[in-house]
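The structure appears right after this line, and notes come after that.
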Amino acid sequence: MPRIAYVNGRYVTHSSAMVHIEDRGYQFADGVYEVCEIRHGYIVDLTRHLNRLDRSLGELRIAWPMSRNALTQVIRETLRRNRVRNGLFYMQVTRGVARRDHVFPAEGTLPSLVITAKSTDPSIIAKKNATGIKAITVPDNRWDRVDIKSVGLLPNAMARQQAKEAGAQEAIYVDAKGMVKEGAATNVWMVDRGGTLITRPAEHGILRGITRTTLIDVGAKLGLTIEEREFSVAEMLAAREVFITAATSICFPVVAIDGQSIANGHPGSISQKIREAFFDVAEKIAI
Ligand code: PDD
């Protein structure tokens, strides 16, 4: 069965899916995106993902490509055509196609919409959860508006590559004061010695992850104490547990950072509990 992508009004085979060379996403990274998890035939936390899309579009003054209801139908149809039961969809909206010019194109230029879907193997994620992942820390060299889920991800790609070359799977951004920000494509959490869950506030300087938001609900349901506050690299290295969250993976335990083991170097129990409870709390919409 060929993979199918949705591109500007048409369902096309993935291998022949194309956008114009003067799409502003291609030329200026002038667009936003969402990645949303599909689990057992359900779209996870779609409402929150669409709310964040709305915010990202609003901050950049890009119009919605179609109504929210129509977009939901196109997402479902793309998932159905690709027969995704476990996996994800990727959705990108750009300011559209126009002759190259830094200023915005003429009023009425249609935004571009691309949606792809893919199946993932849950056993690979389970394996990563069983062993945990390694991370490195890197100085944050991104622009100031990382609260917008923009497709301008070059620093993130460079940081992930640096992690890979260091034998790790994630790069954790650190600000000029030595405080932890977030991963190249994840939010970062730590559990202190007293069992309190700590993550950086999302008002500024990080992306407000959807998984992060739902995980706060999960923590509350499990009766865990949660603190949204900044924490330093030193605090993180001395933590009982560290884990990262993203829609693609819920949460992965981090067992070593910059070559130093976290606690005993094995995944902790709190991230596991959270992972197990996650889908009971998250919103699930049938495809
Ligand atoms: N990344 N921080 C950054 C910089 C991210 O890119 C992401 C997600 C997150 C977690 O957000 P959420 O829980 O909503 O997935 C935090 C996606 C998965 C990506 O770029 O592929």
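By convention in this document, the chains of the structure tokens carry letters A, B, ... by their order, each chain's residues are numbered from 1, and ligands are numbered from 1 in the order they are shown.
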
**Request:** Go through the chains and note each residue within 6 Å of ligand 1, using only C-alpha atoms and all ligand atoms, then give the set as a ChimeraX atom specification.
**Result:** /A:35,182-187,207,209-212,245-248

**Message:** For Ala126 (chain A), find every residue with an atom within 12 Å (counting only C-alpha atoms), except residues of its own chain fewer than 3 positions away, and show them as a ChimeraX atom specification.
**Reply:** /A:120-123,129-133,249-253,272,275-276

**Item:** Residues within 7 Å of Thr94 (chain A), only C-alpha atoms, excluding chain neighbours under 2 positions, as number ranges by chain
**Value:** A: 24-25, 30-32, 92, 96, 111-113

Write out, as a Markdown table, each residue of region 103-143 of chain A that has an atom at most 12 Å from region 53-73 of chain A, together with the closest pair of atoms and their distance in Å to one decimal, counting only C-alpha atoms, rows going by chain and rising number.
| residue | atom | partner | partner_atom | distance |
| --- | --- | --- | --- | --- |
| A:Phe104 | CA | A:Arg61 | CA | 9.6 |
| A:Pro105 | CA | A:Ile62 | CA | 10.8 |
| A:Glu107 | CA | A:Ala63 | CA | 10.3 |
| A:Gly108 | CA | A:Ala63 | CA | 9.4 |
| A:Thr109 | CA | A:Ala63 | CA | 9.4 |
| A:Leu110 | CA | A:Pro65 | CA | 7.1 |
| A:Pro111 | CA | A:Pro65 | CA | 5.5 |
| A:Ser112 | CA | A:Pro65 | CA | 6.8 |
| A:Leu113 | CA | A:Pro65 | CA | 6.5 |
| A:Val114 | CA | A:Pro65 | CA | 10.1 |
| A:Ile115 | CA | A:Leu71 | CA | 9.9 |

Any chance you can output those residues with N, CA and C atoms as an mmCIF file, in the first residue's frame?
data_model
loop_
_atom_site.group_PDB
_atom_site.id
_atom_site.type_symbol
_atom_site.label_atom_id
_atom_site.label_comp_id
_atom_site.auth_asym_id
_atom_site.auth_seq_id
_atom_site.Cartn_x
_atom_site.Cartn_y
_atom_site.Cartn_z
ATOM 1 N N PHE A 104 5.467 40.220 3.831
ATOM 2 C CA PHE A 104 4.362 39.280 3.608
ATOM 3 C C PHE A 104 3.819 39.417 2.182
ATOM 4 N N PRO A 105 3.345 38.336 1.595
ATOM 5 C CA PRO A 105 2.736 38.409 0.265
ATOM 6 C C PRO A 105 1.392 39.139 0.310
ATOM 7 N N GLU A 107 -2.380 40.282 0.329
ATOM 8 C CA GLU A 107 -3.596 39.824 1.009
ATOM 9 C C GLU A 107 -4.279 38.789 0.106
ATOM 10 N N GLY A 108 -4.782 37.729 0.675
ATOM 11 C CA GLY A 108 -5.492 36.742 -0.139
ATOM 12 C C GLY A 108 -4.612 35.596 -0.616
ATOM 13 N N THR A 109 -3.281 35.697 -0.404
ATOM 14 C CA THR A 109 -2.405 34.565 -0.745
ATOM 15 C C THR A 109 -2.785 33.390 0.153
ATOM 16 N N LEU A 110 -3.043 32.235 -0.464
ATOM 17 C CA LEU A 110 -3.535 31.098 0.322
ATOM 18 C C LEU A 110 -2.413 30.432 1.102
ATOM 19 N N PRO A 111 -2.638 30.124 2.386
ATOM 20 C CA PRO A 111 -1.634 29.359 3.124
ATOM 21 C C PRO A 111 -1.510 27.951 2.529
ATOM 22 N N SER A 112 -0.339 27.353 2.636
ATOM 23 C CA SER A 112 -0.150 25.967 2.172
ATOM 24 C C SER A 112 -0.396 25.021 3.339
ATOM 25 N N LEU A 113 -1.011 23.885 3.039
ATOM 26 C CA LEU A 113 -1.249 22.865 4.066
ATOM 27 C C LEU A 113 -0.761 21.516 3.564
ATOM 28 N N VAL A 114 0.111 20.916 4.356
ATOM 29 C CA VAL A 114 0.618 19.578 4.049
ATOM 30 C C VAL A 114 0.388 18.700 5.277
ATOM 31 N N ILE A 115 -0.144 17.504 5.053
ATOM 32 C CA ILE A 115 -0.307 16.549 6.159
ATOM 33 C C ILE A 115 0.255 15.200 5.718
#

**Request:** For Thr196 (chain A), work out the shell of residues within 6 Å, counting only C-alpha atoms and skipping chain neighbours fewer than 5 positions away, then give it as a PyMOL selection string.
**Result:** chain A and resi 191+225-226

Can I get the selected residues back with all heavy atoms, as an mmCIF file, in the first residue's frame?
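The new file part_39.cif reads:
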data_model
loop_
_atom_site.group_PDB
_atom_site.id
_atom_site.type_symbol
_atom_site.label_atom_id
_atom_site.label_comp_id
_atom_site.auth_asym_id
_atom_site.auth_seq_id
_atom_site.Cartn_x
_atom_site.Cartn_y
_atom_site.Cartn_z
ATOM 1 N N VAL A 191 12.835 14.658 38.674
ATOM 2 C CA VAL A 191 12.174 14.288 39.935
ATOM 3 C C VAL A 191 13.230 14.473 41.014
ATOM 4 O O VAL A 191 14.329 13.901 40.906
ATOM 5 C CB VAL A 191 11.717 12.812 39.909
ATOM 6 C CG1 VAL A 191 11.015 12.442 41.217
ATOM 7 C CG2 VAL A 191 10.817 12.539 38.710
ATOM 8 N N THR A 225 3.374 15.670 43.585
ATOM 9 C CA THR A 225 3.579 17.115 43.725
ATOM 10 C C THR A 225 4.319 17.611 42.491
ATOM 11 O O THR A 225 5.328 17.021 42.098
ATOM 12 C CB THR A 225 4.417 17.418 44.990
ATOM 13 O OG1 THR A 225 3.826 16.734 46.086
ATOM 14 C CG2 THR A 225 4.478 18.900 45.279
ATOM 15 N N ILE A 226 3.785 18.667 41.882
ATOM 16 C CA ILE A 226 4.405 19.200 40.656
ATOM 17 C C ILE A 226 4.796 20.656 40.876
ATOM 18 O O ILE A 226 3.998 21.437 41.399
ATOM 19 C CB ILE A 226 3.414 19.115 39.478
ATOM 20 C CG1 ILE A 226 3.026 17.657 39.237
ATOM 21 C CG2 ILE A 226 4.026 19.707 38.205
ATOM 22 C CD1 ILE A 226 1.841 17.470 38.345
#

**Request:** Extract, using only C-alpha atoms, all DNA, RNA and protein residues at most 10 Å from Asp192 (chain A), discarding same-chain residues fewer than 4 positions from it, and format them as a ChimeraX atom specification.
**Result:** /A:196-198,235-236,238-242

**Request:** Kindly indicate which residue among A:Ala202, A:Ile270, A:Val180, A:Ile172 lies nearest to Val233 (chain A), using only C-alpha atoms for the distances.
**Result:** A:Val180
